[in-house]
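Student: Quick one: this structure, given as structure tokens, is what I'll be asking you about.
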Amino acid sequence: MTDTSAYEPPKVWTWNKESGGRFASINRPIAGPTHDKELPVGRHPLQLYSLATPNGVKVTVMLEELLAAGHKGAEYDAWLIKIDGNQFGSGFVAVNPNSKIPALMDRSGKEPIRVFESGSILVYLAEKFGAFLPTDVKTRAETFSWLFWQMGSAPYLGGGFGHFYAYAPTKIEYAIDRFAMEVKRQLDVLDRRLADNEYLAGDVYTIADMAVWPWYGGLAKGLLYGGGEFLSVQDYKNVQRWTDAIAARPAVKRGRMVNRTWGEPSSQLHERHEASDFETKTQDKVEQAAS
């Protein structure tokens with residue numbers, strides 16, 4: 001175990017060195033823009049500024065599901081915001097003062113409406129289009145419970161386990177053990193729920209599934225942090241069944257491609273402006289055209 005006993009916290013913390021780890025160069029203890037940069041605006045009512053992290057995938061899956069269900073007003077432009085300092089541009093900070101992706105501008109009304117935080121965007125879109133949010137009180141409450149479960153639980157997965165297992169500059173046994181234990185408990189919570197329910201809210205697919213799947217479905221398939229074997233994710237059979245069922249949905253397949261900048265070039269659609277972009281503008285096609 002790494003010996004951390006020599007560290008004595010000061011009475012007042014000051015920011016006098018980089019935090020270390022993969023994202024040290026963009027971490028800072030203050031908010032607000034670092035530079036002026038306006039955001040692009042496309043022709044559709046909904047303008048999404050995002051990246052295909054689990055939080056970003058929630059929203060692109062929702063938008064693709066809405067379009068698949070026939071909601072033409074859900075057409076959208078998806079602009080790529082790389083987490084390399086672009087999130088601190090003045091235009092993006094104006095849409096999301098927290099400088100996190102995803103962020104949405106709805107320009108369908110008289111005045112643009114900004115929506116930030118992925119869970120808030122899911123609820124906003126569900127209510128706007130009357131879709132994927134049940135109207136009966138019991139199922140609606142169950143949907144919200146699981147949606148907010150995800151919003152409260154994922155920081156333990158990403159900021160806790162993911163950071164200390166994959167990104168921290170040193171391996172700290174205590175931190176990894178602490179967060180691995182919590183993530184496995186969360187997987188067990190999901191597995192028990194899905195033992196008797198097709199989806200998280202019951203027998204209907206909702207925004208709760210769209211919120212949880214990119215995080216815990218990705219973990220269940222070993223796609224997050226290289227931690228699948230370490231966490232024995234194959235043991236959670238009901239989570240695996242649910243994960244596979246959602247991954248097979250055509251709208252989900254499309255949604256996970258949007259704003260993706262890694263993996264197979266054919267799985268990357270850096271920006272999405274038309275439905276036809278999935279056929280003509282994936283990165284393999286772009287690279288082929290440029291060669």
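Naming scheme: A, B, ... for chains in displayed order of the structure tokens; residues 1 onward per chain; ligands 1 onward as shown.
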Using only C-alpha atoms, which residues sit within 8 Å of Phe132 of chain A once same-chain residues fewer than 5 positions away are excluded, as number ranges by chain?

Tutor: A: 126, 205-207

Student: Report as a list in words all protein, DNA and RNA residues lying within 8 Å of Leu104 of chain A, evaluated on only C-alpha atoms, omitting residues in the same chain fewer than 2 positions from it.

Tutor: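 The filter keeps Leu46, Gln47, Leu48, Tyr49, Val95, Pro102, Asp106, Arg114, Val115, Phe116 and Ile121 of chain A.
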
Student: Looking only at alpha helix (DSSP H) from DSSP on the backbone, list the matching residues of segment 25-268 of chain A as an MDAnalysis selection string.

Tutor: chainID A and resid 54:68 90:95 118:129 137:155 173:195 207:212 218:220 228:231 237:247 250:255

Student: Go through A:Gly218, A:Pro169, A:Gly119, A:Gly32 and flag the residue nearest Trp146 of chain A, using only C-alpha atoms for the distances.

Tutor: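 Answer, going by the shortest atom-to-atom distance: A:Gly119.
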
Student: Applying 8 Å and only C-alpha atoms, which residues near His35 of chain A remain after dropping the ones on its own chain fewer than 4 positions away? List them as a list in words.

Tutor: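 Listed by chain and then number, they are Phe88, Gly89 and Ser90 of chain A.
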
Student: Near Asp191 of chain A, counting only C-alpha atoms, which residues have an atom at most 8 Å away, once you skip same-chain residues fewer than 3 positions from it, shown as a PyMOL selection string?

Tutor: chain A and resi 187-188+194-195+236-239

Student: Neighbours of segment 71-85 of chain A within 9 Å (only C-alpha atoms; same-chain residues fewer than 5 positions away dropped), as number ranges by chain?

Tutor: A: 23, 25-26, 34, 39-52, 60, 63-66, 92, 100-102, 108, 125, 129, 258-261, 270-275

Student: Using only C-alpha atoms, pick whichever of A:Gly263, A:Gly152, A:Gly227, A:Gly130 has the shortest atom-to-atom distance to Tyr167 of chain A.

Tutor: A:Gly227

Student: Quick check, in Å to one decimal: how far apart do atom CA of Ala31 of chain A and atom CA of Tyr165 of chain A lie?

Tutor: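 The value is 26.8 Å.
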